[in-house]
Amino acid sequence: MQRSRLAATLVAAAAVAGAAAVVAATAHAQTGTPTGLDNNWYAAAPYLMPQSNNPPDPVTVMNATGQKAFQLAFILAPKSGGCSPTWDGTSPVSSDTTVGDAINRIRGNGGDVSVSVGGYGGTKLGQTCGTVDATAAAYQQVVTKYNLKAIDFDLEEPEYENTAAIANELGAAKKLQADNPGLFVSVTMPGTAAGTGWFGTQLLDQAKSIGFSPNNFSIMPFDGGFNGGGASQVSALEAFHGLLQSHLGWDSETAYSHEGFSGMNGKSDTSEYFNVSDFQTVYDYATSHHLGRFTFWAVNRDRQCTTTTDNSVCSNVQQNDWDFTKFTTRFAGATPPQTTPPTSPTSPTSNPPGTCSAPEWQKTQVYTGGGVVAHNGHKWTAKWWTQGEEPGTTGQWGVWTDNGGC
């Protein structure tokens, strides 16, 4: 999936927020003392690109939502070739300070991180390292550098269809699991209406053949076949539950406890829309069936679009900042801070006469803030991005301002 993950500009790290955070973070970096988060937090860590896609300040997000863990993305092979880990294929882990500073700030605020390897596009270490041991050694550098207690293998295109590369990745994941006792290991793969596709089932078969059981197998039910929103995602998760049983030989309870949801908040690359209500639908399914992981792509997008509709930095749906992150906080067992819901504007008390010169509202058309339409004899102005929401209908968000009768 595209997810605009690779189209990004490096940004400067946020300023350190307070001497106490610095002292705590430095102590952690020097001593390697574990943060003490339980696995619920690593299973509920939303994805965050720390160097690109206009990253928000993680401490700001933590304080606003109660979230404690983030899934930092992505570790790739160098664009110039080789078997050494880099951030986004460009920044060597060995000499990194930028991501390390962000991790220290998160830990200094009482949180921790997992690191995700792979993702959509780019060259993966499983493709370039050649063997399981070499692949594992490259990832061990990341685990050691950042003193990780969790790692995610996001296995997607083009590596997803490369049998040898997937064998290297899964073999490396198994070795990391053995060499780092207690390391939380998740495997994330594309989702389909059938749960996952042919290559996904081959991945499950490969894991079984080498005796590898990660803490979690998650699917990404978006970017094709999910126009039904949360309901269609729940259907895919239920189908994947059946695949975990049939391909891994697990009973129903074991399959659910090792299954995860990795969603996409807002507008997907194929123009599917996942609203806050859709996340609620999936959250209810995940908690009632005791799924083992609930995450999403990405915190960088967990804010309403205002001056841009760039899908890599905002959701293109109506929301408060960090509404989607609060679901992962709840999944981890914490109660997020409360947010005052947006209020609907008061309608004008009079309807000035006149004839509407604005074009008639169209259900399928996208409108941005300031857009003016005519509908049912009234003139309306959009407050922000919207599509499919009829002017004059009662809604939670009050996207249309009624300017009075024509």
# chains A, B, ... in the order shown; residues from 1 in each chain; ligands from 1

call {"tool": "residues_around", "arguments": {"residues": "Met62 in chain A", "least_positions_apart": "2", "cutoff": "10 Å", "atoms": "only C-alpha atoms", "output": "list of chain:residue names"}}
result
A:Asp57, A:Pro58, A:Val59, A:Thr60, A:Ala64, A:Thr65, A:Gly66, A:Gln67, A:Lys68, A:Ala69, A:Phe70, A:Ile106, A:Asn109, A:Gly110, A:Gly111, A:Trp322, A:Thr325, A:Lys326, A:Thr329, A:Pro336

call {"tool": "atom_distance", "arguments": {"atom1": "CA of Ala102 in chain A", "atom2": "CA of Ser186 in chain A"}}
result
22.0 Å

call {"tool": "residues_around", "arguments": {"residues": "His375 in chain A", "least_positions_apart": "4", "cutoff": "12 Å", "atoms": "only C-alpha atoms", "output": "PyMOL selection string"}}
result
chain A and resi 355-363+379-381+389-393+400-406

call {"tool": "atom_distance", "arguments": {"atom1": "CA of Ile166 in chain A", "atom2": "CA of Gly126 in chain A"}}
result
6.7 Å
